[in-house]
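Trainee: Next comes the structure file work02.pdb, holding PDB, N, CA and C atoms and all ligand atoms.
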ATOM      1  N   MET Z   1       0.840  -1.217   0.000
ATOM      2  CA  MET Z   1       0.000   0.000   0.000
ATOM      3  C   MET Z   1       0.869   1.259   0.000
ATOM      4  N   LEU Z   2       0.503   2.232  -0.778
ATOM      5  CA  LEU Z   2       1.267   3.484  -0.858
ATOM      6  C   LEU Z   2       1.072   4.305   0.418
ATOM      7  N   PRO Z   3       2.107   5.102   0.781
ATOM      8  CA  PRO Z   3       1.981   5.914   2.017
ATOM      9  C   PRO Z   3       0.734   6.789   2.017
ATOM     10  N   ILE Z   4       0.377   7.312   0.832
ATOM     11  CA  ILE Z   4      -0.794   8.200   0.753
ATOM     12  C   ILE Z   4      -2.068   7.426   1.081
ATOM     13  N   GLN Z   5      -2.096   6.145   0.703
ATOM     14  CA  GLN Z   5      -3.269   5.313   1.002
ATOM     15  C   GLN Z   5      -3.318   4.964   2.484
ATOM     16  N   VAL Z   6      -2.141   4.775   3.085
ATOM     17  CA  VAL Z   6      -2.074   4.509   4.522
ATOM     18  C   VAL Z   6      -2.639   5.716   5.274
ATOM     19  N   ASP Z   7      -2.278   6.903   4.812
ATOM     20  CA  ASP Z   7      -2.806   8.139   5.422
ATOM     21  C   ASP Z   7      -4.322   8.209   5.275
ATOM     22  N   GLN Z   8      -4.798   7.767   4.127
ATOM     23  CA  GLN Z   8      -6.241   7.798   3.863
ATOM     24  C   GLN Z   8      -6.971   6.827   4.792
ATOM     25  N   VAL Z   9      -6.388   5.635   4.958
ATOM     26  CA  VAL Z   9      -6.979   4.654   5.870
ATOM     27  C   VAL Z   9      -7.006   5.225   7.283
ATOM     28  N   ARG Z  10      -5.913   5.854   7.688
ATOM     29  CA  ARG Z  10      -5.836   6.433   9.028
ATOM     30  C   ARG Z  10      -6.903   7.515   9.213
ATOM     31  N   ALA Z  11      -7.019   8.382   8.213
ATOM     32  CA  ALA Z  11      -7.996   9.474   8.290
ATOM     33  C   ALA Z  11      -9.423   8.954   8.343
ATOM     34  N   LEU Z  12      -9.739   8.010   7.458
ATOM     35  CA  LEU Z  12     -11.108   7.494   7.403
ATOM     36  C   LEU Z  12     -11.465   6.720   8.670
ATOM     37  N   SER Z  13     -10.509   5.988   9.192
ATOM     38  CA  SER Z  13     -10.765   5.179  10.380
ATOM     39  C   SER Z  13     -10.816   6.029  11.649
ATOM     40  N   GLN Z  14      -9.937   7.024  11.742
ATOM     41  CA  GLN Z  14      -9.857   7.817  12.969
ATOM     42  C   GLN Z  14     -10.698   9.105  12.938
ATOM     43  N   SER Z  15     -10.596   9.883  11.847
ATOM     44  CA  SER Z  15     -11.324  11.155  11.799
ATOM     45  C   SER Z  15     -12.785  10.970  11.409
ATOM     46  N   GLU Z  16     -13.051   9.969  10.545
ATOM     47  CA  GLU Z  16     -14.426   9.759  10.081
ATOM     48  C   GLU Z  16     -15.115   8.629  10.832
ATOM     49  N   GLY Z  17     -14.331   7.820  11.525
ATOM     50  CA  GLY Z  17     -14.914   6.707  12.287
ATOM     51  C   GLY Z  17     -15.540   5.628  11.421
ATOM     52  N   LEU Z  18     -14.938   5.359  10.276
ATOM     53  CA  LEU Z  18     -15.486   4.328   9.383
ATOM     54  C   LEU Z  18     -14.904   2.952   9.723
ATOM     55  N   PHE Z  19     -15.723   1.924   9.508
ATOM     56  CA  PHE Z  19     -15.258   0.548   9.695
ATOM     57  C   PHE Z  19     -14.433   0.131   8.484
ATOM     58  N   ASP Z  20     -13.642  -0.925   8.677
ATOM     59  CA  ASP Z  20     -12.744  -1.383   7.612
ATOM     60  C   ASP Z  20     -13.465  -1.637   6.288
ATOM     61  N   HIS Z  21     -14.649  -2.274   6.374
ATOM     62  CA  HIS Z  21     -15.341  -2.580   5.110
ATOM     63  C   HIS Z  21     -15.848  -1.312   4.422
ATOM     64  N   GLU Z  22     -16.157  -0.275   5.207
ATOM     65  CA  GLU Z  22     -16.600   0.994   4.615
ATOM     66  C   GLU Z  22     -15.419   1.726   3.964
ATOM     67  N   ILE Z  23     -14.269   1.653   4.630
ATOM     68  CA  ILE Z  23     -13.057   2.258   4.060
ATOM     69  C   ILE Z  23     -12.725   1.548   2.754
ATOM     70  N   ALA Z  24     -12.830   0.223   2.758
ATOM     71  CA  ALA Z  24     -12.551  -0.580   1.563
ATOM     72  C   ALA Z  24     -13.464  -0.170   0.408
ATOM     73  N   ASP Z  25     -14.749   0.058   0.718
ATOM     74  CA  ASP Z  25     -15.702   0.489  -0.315
ATOM     75  C   ASP Z  25     -15.277   1.821  -0.925
ATOM     76  N   ARG Z  26     -14.879   2.745  -0.062
ATOM     77  CA  ARG Z  26     -14.474   4.076  -0.539
ATOM     78  C   ARG Z  26     -13.215   4.022  -1.384
ATOM     79  N   MET Z  27     -12.295   3.147  -0.979
ATOM     80  CA  MET Z  27     -11.006   3.101  -1.653
ATOM     81  C   MET Z  27     -10.982   2.099  -2.791
ATOM     82  N   GLY Z  28     -12.059   1.351  -2.922
ATOM     83  CA  GLY Z  28     -12.135   0.374  -4.004
ATOM     84  C   GLY Z  28     -11.188  -0.793  -3.829
ATOM     85  N   CYS Z  29     -11.008  -1.234  -2.592
ATOM     86  CA  CYS Z  29     -10.185  -2.423  -2.372
ATOM     87  C   CYS Z  29     -10.923  -3.377  -1.431
ATOM     88  N   HIS Z  30     -10.272  -4.473  -1.091
ATOM     89  CA  HIS Z  30     -10.930  -5.468  -0.247
ATOM     90  C   HIS Z  30     -10.747  -5.124   1.231
ATOM     91  N   ARG Z  31     -11.727  -5.529   2.044
ATOM     92  CA  ARG Z  31     -11.675  -5.228   3.469
ATOM     93  C   ARG Z  31     -10.386  -5.733   4.125
ATOM     94  N   THR Z  32      -9.960  -6.924   3.731
ATOM     95  CA  THR Z  32      -8.752  -7.491   4.357
ATOM     96  C   THR Z  32      -7.524  -6.630   4.077
ATOM     97  N   THR Z  33      -7.516  -5.954   2.926
ATOM     98  CA  THR Z  33      -6.397  -5.061   2.587
ATOM     99  C   THR Z  33      -6.345  -3.923   3.600
ATOM    100  N   VAL Z  34      -7.516  -3.397   3.937
ATOM    101  CA  VAL Z  34      -7.601  -2.290   4.887
ATOM    102  C   VAL Z  34      -7.179  -2.764   6.281
ATOM    103  N   THR Z  35      -7.709  -3.915   6.708
ATOM    104  CA  THR Z  35      -7.382  -4.453   8.023
ATOM    105  C   THR Z  35      -5.877  -4.709   8.135
ATOM    106  N   ARG Z  36      -5.319  -5.305   7.106
ATOM    107  CA  ARG Z  36      -3.886  -5.608   7.108
ATOM    108  C   ARG Z  36      -3.089  -4.313   7.210
ATOM    109  N   CYS Z  37      -3.503  -3.310   6.448
ATOM    110  CA  CYS Z  37      -2.827  -2.008   6.460
ATOM    111  C   CYS Z  37      -2.868  -1.398   7.854
ATOM    112  N   ARG Z  38      -4.033  -1.450   8.487
ATOM    113  CA  ARG Z  38      -4.187  -0.891   9.836
ATOM    114  C   ARG Z  38      -3.237  -1.568  10.813
ATOM    115  N   LEU Z  39      -3.225  -2.918  10.777
ATOM    116  CA  LEU Z  39      -2.391  -3.671  11.710
ATOM    117  C   LEU Z  39      -0.911  -3.398  11.458
ATOM    118  N   ARG Z  40      -0.555  -3.344  10.180
ATOM    119  CA  ARG Z  40       0.837  -3.169   9.806
ATOM    120  C   ARG Z  40       1.362  -1.792  10.216
ATOM    121  N   TYR Z  41       0.535  -0.768  10.080
ATOM    122  CA  TYR Z  41       0.996   0.590  10.374
ATOM    123  C   TYR Z  41       0.523   1.088  11.736
ATOM    124  N   GLY Z  42       0.025   0.171  12.547
ATOM    125  CA  GLY Z  42      -0.358   0.505  13.928
ATOM    126  C   GLY Z  42      -1.497   1.506  14.027
ATOM    127  N   ILE Z  43      -2.433   1.458  13.082
ATOM    128  CA  ILE Z  43      -3.600   2.344  13.145
ATOM    129  C   ILE Z  43      -4.657   1.660  14.014
ATOM    130  N   PRO Z  44      -5.125   2.328  15.075
ATOM    131  CA  PRO Z  44      -6.105   1.685  15.959
ATOM    132  C   PRO Z  44      -7.422   1.372  15.249
ATOM    133  N   HIS Z  45      -8.247   0.614  15.918
ATOM    134  CA  HIS Z  45      -9.558   0.265  15.370
ATOM    135  C   HIS Z  45     -10.427   1.522  15.265
ATOM    136  N   THR Z  46     -11.464   1.437  14.460
ATOM    137  CA  THR Z  46     -12.424   2.526  14.239
ATOM    138  C   THR Z  46     -12.630   3.416  15.463
ATOM    139  N   ASN Z  47     -12.459   4.695  15.288
ATOM    140  CA  ASN Z  47     -12.699   5.652  16.366
ATOM    141  C   ASN Z  47     -14.188   6.010  16.379
ATOM    142  N   LEU Z  48     -14.912   5.324  17.267
ATOM    143  CA  LEU Z  48     -16.379   5.460  17.262
ATOM    144  C   LEU Z  48     -16.870   6.850  17.657
ATOM    145  N   ALA Z  49     -16.052   7.582  18.416
ATOM    146  CA  ALA Z  49     -16.450   8.943  18.808
ATOM    147  C   ALA Z  49     -16.611   9.825  17.581
ATOM    148  N   ASN Z  50     -15.843   9.518  16.532
ATOM    149  CA  ASN Z  50     -15.904  10.322  15.303
ATOM    150  C   ASN Z  50     -16.824   9.717  14.265
ATOM    151  N   ARG Z  51     -17.656   8.783  14.682
ATOM    152  CA  ARG Z  51     -18.548   8.125  13.725
ATOM    153  C   ARG Z  51     -19.855   8.900  13.642
ATOM    154  N   ARG Z  52     -20.249   9.212  12.416
ATOM    155  CA  ARG Z  52     -21.494   9.961  12.215
ATOM    156  C   ARG Z  52     -22.641   8.986  12.042
ATOM    157  N   ASP Z  53     -23.149   8.440  13.129
ATOM    158  CA  ASP Z  53     -24.295   7.544  12.980
ATOM    159  C   ASP Z  53     -25.356   7.828  14.036
ATOM    160  N   LYS Z  54     -25.264   9.022  14.631
ATOM    161  CA  LYS Z  54     -26.292   9.436  15.579
ATOM    162  C   LYS Z  54     -27.313  10.250  14.787
ATOM    163  N   ILE Z  55     -28.583   9.901  14.917
ATOM    164  CA  ILE Z  55     -29.607  10.580  14.129
ATOM    165  C   ILE Z  55     -30.157  11.781  14.885
ATOM    166  N   GLN Z  56     -30.151  12.913  14.215
ATOM    167  CA  GLN Z  56     -30.673  14.157  14.770
ATOM    168  C   GLN Z  56     -31.883  14.545  13.921
ATOM    169  N   THR Z  57     -33.033  14.673  14.547
ATOM    170  CA  THR Z  57     -34.244  15.026  13.807
ATOM    171  C   THR Z  57     -34.631  16.463  14.128
ATOM    172  N   CYS Z  58     -34.830  17.247  13.083
ATOM    173  CA  CYS Z  58     -35.184  18.651  13.262
ATOM    174  C   CYS Z  58     -36.633  18.768  13.737
ATOM    175  N   LYS Z  59     -36.860  19.576  14.784
ATOM    176  CA  LYS Z  59     -38.206  19.726  15.346
ATOM    177  C   LYS Z  59     -39.075  20.639  14.488
ATOM    178  N   ARG Z  60     -38.468  21.317  13.516
ATOM    179  CA  ARG Z  60     -39.212  22.260  12.695
ATOM    180  C   ARG Z  60     -39.619  21.637  11.367
ATOM    181  N   CYS Z  61     -38.661  21.064  10.634
ATOM    182  CA  CYS Z  61     -38.976  20.523   9.307
ATOM    183  C   CYS Z  61     -38.885  18.997   9.268
ATOM    184  N   GLY Z  62     -38.407  18.383  10.324
ATOM    185  CA  GLY Z  62     -38.356  16.930  10.384
ATOM    186  C   GLY Z  62     -37.203  16.304   9.638
ATOM    187  N   GLN Z  63     -36.297  17.127   9.131
ATOM    188  CA  GLN Z  63     -35.132  16.594   8.415
ATOM    189  C   GLN Z  63     -34.234  15.811   9.363
ATOM    190  N   GLN Z  64     -33.727  14.674   8.860
ATOM    191  CA  GLN Z  64     -32.847  13.867   9.691
ATOM    192  C   GLN Z  64     -31.418  13.985   9.203
ATOM    193  N   ASP Z  65     -30.518  14.252  10.131
ATOM    194  CA  ASP Z  65     -29.098  14.349   9.807
ATOM    195  C   ASP Z  65     -28.331  13.336  10.633
ATOM    196  N   LEU Z  66     -27.231  12.873  10.069
ATOM    197  CA  LEU Z  66     -26.341  12.005  10.835
ATOM    198  C   LEU Z  66     -25.256  12.877  11.450
ATOM    199  N   ILE Z  67     -25.084  12.754  12.746
ATOM    200  CA  ILE Z  67     -24.065  13.562  13.408
ATOM    201  C   ILE Z  67     -23.069  12.645  14.125
ATOM    202  N   TYR Z  68     -21.964  13.223  14.564
ATOM    203  CA  TYR Z  68     -20.957  12.454  15.289
ATOM    204  C   TYR Z  68     -21.527  11.967  16.615
ATOM    205  N   ARG Z  69     -21.096  10.793  17.024
ATOM    206  CA  ARG Z  69     -21.549  10.238  18.309
ATOM    207  C   ARG Z  69     -21.201  11.153  19.464
ATOM    208  N   LYS Z  70     -20.074  11.854  19.326
ATOM    209  CA  LYS Z  70     -19.610  12.707  20.413
ATOM    210  C   LYS Z  70     -20.413  14.010  20.506
ATOM    211  N   ASP Z  71     -21.122  14.367  19.405
ATOM    212  CA  ASP Z  71     -21.870  15.630  19.388
ATOM    213  C   ASP Z  71     -23.206  15.494  20.110
ATOM    214  N   ARG Z  72     -23.651  16.607  20.707
ATOM    215  CA  ARG Z  72     -24.964  16.546  21.348
ATOM    216  C   ARG Z  72     -26.025  16.826  20.297
ATOM    217  N   ILE Z  73     -27.218  16.286  20.525
ATOM    218  CA  ILE Z  73     -28.300  16.434  19.558
ATOM    219  C   ILE Z  73     -28.901  17.833  19.671
ATOM    220  N   LEU Z  74     -29.023  18.502  18.528
ATOM    221  CA  LEU Z  74     -29.606  19.841  18.501
ATOM    222  C   LEU Z  74     -31.072  19.742  18.092
ATOM    223  N   LYS Z  75     -31.857  20.763  18.441
ATOM    224  CA  LYS Z  75     -33.292  20.746  18.151
ATOM    225  C   LYS Z  75     -33.591  20.942  16.675
ATOM    226  N   TYR Z  76     -32.786  21.775  16.018
ATOM    227  CA  TYR Z  76     -33.081  22.128  14.625
ATOM    228  C   TYR Z  76     -31.917  21.819  13.692
ATOM    229  N   CYS Z  77     -32.243  21.601  12.418
ATOM    230  CA  CYS Z  77     -31.209  21.380  11.410
ATOM    231  C   CYS Z  77     -30.548  22.722  11.076
ATOM    232  N   GLY Z  78     -29.481  22.688  10.340
ATOM    233  CA  GLY Z  78     -28.708  23.888  10.040
ATOM    234  C   GLY Z  78     -29.522  24.974   9.366
ATOM    235  N   SER Z  79     -30.311  24.630   8.356
ATOM    236  CA  SER Z  79     -31.053  25.663   7.617
ATOM    237  C   SER Z  79     -32.186  26.236   8.467
ATOM    238  N   CYS Z  80     -32.829  25.404   9.310
ATOM    239  CA  CYS Z  80     -33.878  25.934  10.191
ATOM    240  C   CYS Z  80     -33.279  26.853  11.246
ATOM    241  N   ARG Z  81     -32.091  26.517  11.724
ATOM    242  CA  ARG Z  81     -31.429  27.390  12.697
ATOM    243  C   ARG Z  81     -31.191  28.760  12.084
ATOM    244  N   ASP Z  82     -30.755  28.758  10.797
ATOM    245  CA  ASP Z  82     -30.530  30.025  10.089
ATOM    246  C   ASP Z  82     -31.837  30.798   9.954
ATOM    247  N   THR Z  83     -32.914  30.090   9.551
ATOM    248  CA  THR Z  83     -34.222  30.732   9.371
ATOM    249  C   THR Z  83     -34.702  31.337  10.679
ATOM    250  N   ILE Z  84     -34.591  30.568  11.761
ATOM    251  CA  ILE Z  84     -35.033  31.059  13.067
ATOM    252  C   ILE Z  84     -34.229  32.288  13.473
ATOM    253  N   GLU Z  85     -32.943  32.237  13.201
ATOM    254  CA  GLU Z  85     -32.063  33.362  13.513
ATOM    255  C   GLU Z  85     -32.473  34.602  12.696
ATOM    256  N   ASP Z  86     -32.788  34.383  11.412
ATOM    257  CA  ASP Z  86     -33.224  35.475  10.540
ATOM    258  C   ASP Z  86     -34.527  36.086  11.052
ATOM    259  N   GLU Z  87     -35.475  35.214  11.433
ATOM    260  CA  GLU Z  87     -36.760  35.694  11.933
ATOM    261  C   GLU Z  87     -36.586  36.529  13.196
ATOM    262  N   ARG Z  88     -35.692  36.070  14.058
ATOM    263  CA  ARG Z  88     -35.416  36.812  15.295
ATOM    264  C   ARG Z  88     -34.877  38.196  14.978
ATOM    265  N   ARG Z  89     -33.933  38.209  14.014
ATOM    266  CA  ARG Z  89     -33.309  39.470  13.621
ATOM    267  C   ARG Z  89     -34.360  40.399  13.014
ATOM    268  N   GLU Z  90     -35.247  39.812  12.204
ATOM    269  CA  GLU Z  90     -36.318  40.568  11.547
ATOM    270  C   GLU Z  90     -37.241  41.208  12.595
ATOM    271  N   LYS Z  91     -37.630  40.409  13.607
ATOM    272  CA  LYS Z  91     -38.498  40.905  14.668
ATOM    273  C   LYS Z  91     -37.838  42.049  15.417
ATOM    274  N   LYS Z  92     -36.537  41.852  15.708
ATOM    275  CA  LYS Z  92     -35.789  42.868  16.439
ATOM    276  C   LYS Z  92     -35.728  44.137  15.601
ATOM    277  N   HIS Z  93     -35.517  43.955  14.296
ATOM    278  CA  HIS Z  93     -35.430  45.070  13.371
ATOM    279  C   HIS Z  93     -36.742  45.862  13.372
ATOM    280  N   LEU Z  94     -37.896  45.128  13.341
ATOM    281  CA  LEU Z  94     -39.210  45.765  13.349
ATOM    282  C   LEU Z  94     -39.416  46.553  14.631
ATOM    283  N   ARG Z  95     -39.023  45.924  15.754
ATOM    284  CA  ARG Z  95     -39.161  46.598  17.057
ATOM    285  C   ARG Z  95     -38.362  47.893  17.063
ATOM    286  N   ASP Z  96     -37.111  47.796  16.612
ATOM    287  CA  ASP Z  96     -36.242  48.970  16.575
ATOM    288  C   ASP Z  96     -36.813  50.022  15.630
ATOM    289  N   GLY Z  97     -37.387  49.549  14.516
ATOM    290  CA  GLY Z  97     -37.985  50.442  13.521
ATOM    291  C   GLY Z  97     -39.122  51.237  14.139
ATOM    292  N   ASN Z  98     -40.000  50.571  14.910
ATOM    293  CA  ASN Z  98     -41.119  51.237  15.569
ATOM    294  C   ASN Z  98     -40.638  52.284  16.560
ATOM    295  N   LYS Z  99     -39.602  51.916  17.282
ATOM    296  CA  LYS Z  99     -39.052  52.809  18.302
ATOM    297  C   LYS Z  99     -38.602  54.134  17.676
ATOM    298  N   SER Z 100     -37.822  54.003  16.558
ATOM    299  CA  SER Z 100     -37.272  55.216  15.950
ATOM    300  C   SER Z 100     -38.386  56.040  15.305
ATOM    301  N   LYS Z 101     -39.466  55.372  14.859
ATOM    302  CA  LYS Z 101     -40.588  56.072  14.253
ATOM    303  C   LYS Z 101     -41.262  56.966  15.301
ATOM    304  N   LYS Z 102     -41.528  56.334  16.476
ATOM    305  CA  LYS Z 102     -42.142  57.107  17.561
ATOM    306  C   LYS Z 102     -41.282  58.297  17.945
ATOM    307  N   HIS Z 103     -39.967  57.990  17.949
ATOM    308  CA  HIS Z 103     -39.022  59.022  18.342
ATOM    309  C   HIS Z 103     -39.103  60.218  17.384
ATOM    310  N   SER Z 104     -39.144  59.916  16.070
ATOM    311  CA  SER Z 104     -39.152  61.010  15.105
ATOM    312  C   SER Z 104     -40.501  61.786  15.158
ATOM    313  N   GLU Z 105     -41.598  61.072  15.481
ATOM    314  CA  GLU Z 105     -42.883  61.754  15.629
ATOM    315  C   GLU Z 105     -42.802  62.749  16.796
ATOM    316  N   GLY Z 106     -42.172  62.293  17.849
ATOM    317  CA  GLY Z 106     -41.984  63.147  19.022
ATOM    318  C   GLY Z 106     -41.187  64.392  18.653
ATOM    319  N   MET Z 107     -40.171  64.192  17.827
ATOM    320  CA  MET Z 107     -39.336  65.298  17.414
ATOM    321  C   MET Z 107     -40.169  66.316  16.631
ATOM    322  N   LEU Z 108     -41.105  65.766  15.795
ATOM    323  CA  LEU Z 108     -41.933  66.660  14.982
ATOM    324  C   LEU Z 108     -42.831  67.542  15.880
ATOM    325  N   LEU Z 109     -43.383  66.920  16.924
ATOM    326  CA  LEU Z 109     -44.283  67.653  17.818
ATOM    327  C   LEU Z 109     -43.590  68.792  18.543
ATOM    328  N   THR Z 110     -42.354  68.508  18.968
ATOM    329  CA  THR Z 110     -41.651  69.529  19.748
ATOM    330  C   THR Z 110     -41.141  70.669  18.891
ATOM    331  N   SER Z 111     -40.916  70.391  17.569
ATOM    332  CA  SER Z 111     -40.329  71.461  16.756
ATOM    333  C   SER Z 111     -41.378  72.465  16.287
TER     334      SER Z 111
HETATM  335 ZN    ZN H   1     -35.122  21.833   9.868
END
Output the file's structure in the form of structure tokens.
Mentor:
Amino acid sequence: MLPIQVDQVRALSQSEGLFDHEIADRMGCHRTTVTRCRLRYGIPHTNLANRRDKIQTCKRCGQQDLIYRKDRILKYCGSCRDTIEDERREKKHLRDGNKSKKHSEGMLLTS
């Protein structure tokens, strides 16, 4: 196996938390090739903390995402979080808009 492939096996197994047969699928080789490579180069077994197989369901749109086992489950998916954030900003903007309107009306009365 080429050094670059050994690095790839290490990355997929440790950073992505993939099992040997999944790494083999990605790299287009046989599972035993991956296992042998891991043992030969002292790469530990699948790092499950970095495995994205925890299901997170969005409470707003119901979209399901796979997240890392180590990550905590969030209430909303990424795009809903953005939308909610935008709506909050919009509401705040409207509130601020009303405030300045009243203020300018007051200015008109006094002048
Ligand atoms: Zn969502």
Trainee: Using the chain letters and numbers from the file, which residues does the PyMOL selection byres (((chain Z and resi 13) around 8) and not hetatm) grab, as a list in words?
Mentor: Asp7, Gln8, Val9, Arg10, Ala11, Leu12, Gln14, Ser15, Glu16, Gly17, Leu18, Phe19, Asp20, Ile23, Ile43, Pro44, His45, Thr46, Asn47, Leu48, Asn50 and Arg51 of chain Z
Trainee: Using DSSP on the backbone coordinates, identify all residues within chain Z classified as strand (DSSP E); present the result as an MDAnalysis selection string.
Mentor: chainID Z and resid 52:57 64:68
Trainee: Please produce an output containing N, CA and C atoms for each residue in the selection, written as a tab-separated table (two decimals), keeping the file's coordinate frame.
Mentor:
chain	number	residue	atom	x	y	z
Z	52	ARG	N	-20.25	9.21	12.42
Z	52	ARG	CA	-21.49	9.96	12.22
Z	52	ARG	C	-22.64	8.99	12.04
Z	53	ASP	N	-23.15	8.44	13.13
Z	53	ASP	CA	-24.30	7.54	12.98
Z	53	ASP	C	-25.36	7.83	14.04
Z	54	LYS	N	-25.26	9.02	14.63
Z	54	LYS	CA	-26.29	9.44	15.58
Z	54	LYS	C	-27.31	10.25	14.79
Z	55	ILE	N	-28.58	9.90	14.92
Z	55	ILE	CA	-29.61	10.58	14.13
Z	55	ILE	C	-30.16	11.78	14.88
Z	56	GLN	N	-30.15	12.91	14.22
Z	56	GLN	CA	-30.67	14.16	14.77
Z	56	GLN	C	-31.88	14.54	13.92
Z	57	THR	N	-33.03	14.67	14.55
Z	57	THR	CA	-34.24	15.03	13.81
Z	57	THR	C	-34.63	16.46	14.13
Z	64	GLN	N	-33.73	14.67	8.86
Z	64	GLN	CA	-32.85	13.87	9.69
Z	64	GLN	C	-31.42	13.98	9.20
Z	65	ASP	N	-30.52	14.25	10.13
Z	65	ASP	CA	-29.10	14.35	9.81
Z	65	ASP	C	-28.33	13.34	10.63
Z	66	LEU	N	-27.23	12.87	10.07
Z	66	LEU	CA	-26.34	12.00	10.84
Z	66	LEU	C	-25.26	12.88	11.45
Z	67	ILE	N	-25.08	12.75	12.75
Z	67	ILE	CA	-24.06	13.56	13.41
Z	67	ILE	C	-23.07	12.64	14.12
Z	68	TYR	N	-21.96	13.22	14.56
Z	68	TYR	CA	-20.96	12.45	15.29
Z	68	TYR	C	-21.53	11.97	16.61
Trainee: Please produce, as CSV, a per-residue contact table for chain Z versus ligand ZN 1 (chain H) (criterion: any atom at most 6.5 Å away, all atoms listed in the file considered), showing the nearest atom pair and its distance in Å to one decimal, sorted by chain then residue number.
Mentor:
residue,atom,partner,partner_atom,distance
Z:Cys58,CA,H:ZN1,ZN,4.7
Z:Lys59,N,H:ZN1,ZN,5.7
Z:Arg60,C,H:ZN1,ZN,4.7
Z:Cys61,N,H:ZN1,ZN,3.7
Z:Gly62,N,H:ZN1,ZN,4.8
Z:Gln63,N,H:ZN1,ZN,4.9
Z:Tyr76,C,H:ZN1,ZN,5.0
Z:Cys77,N,H:ZN1,ZN,3.9
Z:Gly78,N,H:ZN1,ZN,5.7
Z:Ser79,C,H:ZN1,ZN,5.5
Z:Cys80,N,H:ZN1,ZN,4.3
Z:Arg81,N,H:ZN1,ZN,5.9
Trainee: Run DSSP on the backbone and tell me which residues of region 35-105 of chain Z come out as helix (DSSP H, G or I); list them as a ChimeraX atom specification.
Mentor: /Z:35-40,48-50,78-105
Trainee: Which protein, DNA or RNA residues have an atom at most 7 Å from (-30.8, 12.4, 9.5), counting all atoms listed in the file? List them as a JSON list (two decimals) with N, CA and C atoms, in the coordinates of the input.
Mentor:
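Saved result, point-v6.json, follows:
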[["chain", "number", "residue", "atom", "x", "y", "z"],
["Z", 54, "LYS", "N", -25.26, 9.02, 14.63],
["Z", 54, "LYS", "CA", -26.29, 9.44, 15.58],
["Z", 54, "LYS", "C", -27.31, 10.25, 14.79],
["Z", 55, "ILE", "N", -28.58, 9.90, 14.92],
["Z", 55, "ILE", "CA", -29.61, 10.58, 14.13],
["Z", 55, "ILE", "C", -30.16, 11.78, 14.88],
["Z", 56, "GLN", "N", -30.15, 12.91, 14.22],
["Z", 56, "GLN", "CA", -30.67, 14.16, 14.77],
["Z", 56, "GLN", "C", -31.88, 14.54, 13.92],
["Z", 57, "THR", "N", -33.03, 14.67, 14.55],
["Z", 57, "THR", "CA", -34.24, 15.03, 13.81],
["Z", 57, "THR", "C", -34.63, 16.46, 14.13],
["Z", 63, "GLN", "N", -36.30, 17.13, 9.13],
["Z", 63, "GLN", "CA", -35.13, 16.59, 8.41],
["Z", 63, "GLN", "C", -34.23, 15.81, 9.36],
["Z", 64, "GLN", "N", -33.73, 14.67, 8.86],
["Z", 64, "GLN", "CA", -32.85, 13.87, 9.69],
["Z", 64, "GLN", "C", -31.42, 13.98, 9.20],
["Z", 65, "ASP", "N", -30.52, 14.25, 10.13],
["Z", 65, "ASP", "CA", -29.10, 14.35, 9.81],
["Z", 65, "ASP", "C", -28.33, 13.34, 10.63],
["Z", 66, "LEU", "N", -27.23, 12.87, 10.07],
["Z", 66, "LEU", "CA", -26.34, 12.00, 10.84],
["Z", 66, "LEU", "C", -25.26, 12.88, 11.45],
["Z", 67, "ILE", "N", -25.08, 12.75, 12.75],
["Z", 67, "ILE", "CA", -24.06, 13.56, 13.41],
["Z", 67, "ILE", "C", -23.07, 12.64, 14.12]]
Trainee: Find the distance between atom N of Lys70 (chain Z) and atom C of Asp53 (chain Z) and write it in Å to one decimal.
Mentor: 8.5 Å
Trainee: Grab the atom N of His21 (chain Z) to atom N of Thr35 (chain Z) distance for me, in Å with one decimal place.
Mentor: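 Going from atom N of His21 (chain Z) over to atom N of Thr35 (chain Z) covers 7.1 Å.
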Trainee: Calculate how many Å separate CA of Gly42 (chain Z) from CA of Ala24 (chain Z), rounding to one decimal.
Mentor: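 Here the two named atoms are 17.4 Å from each other.
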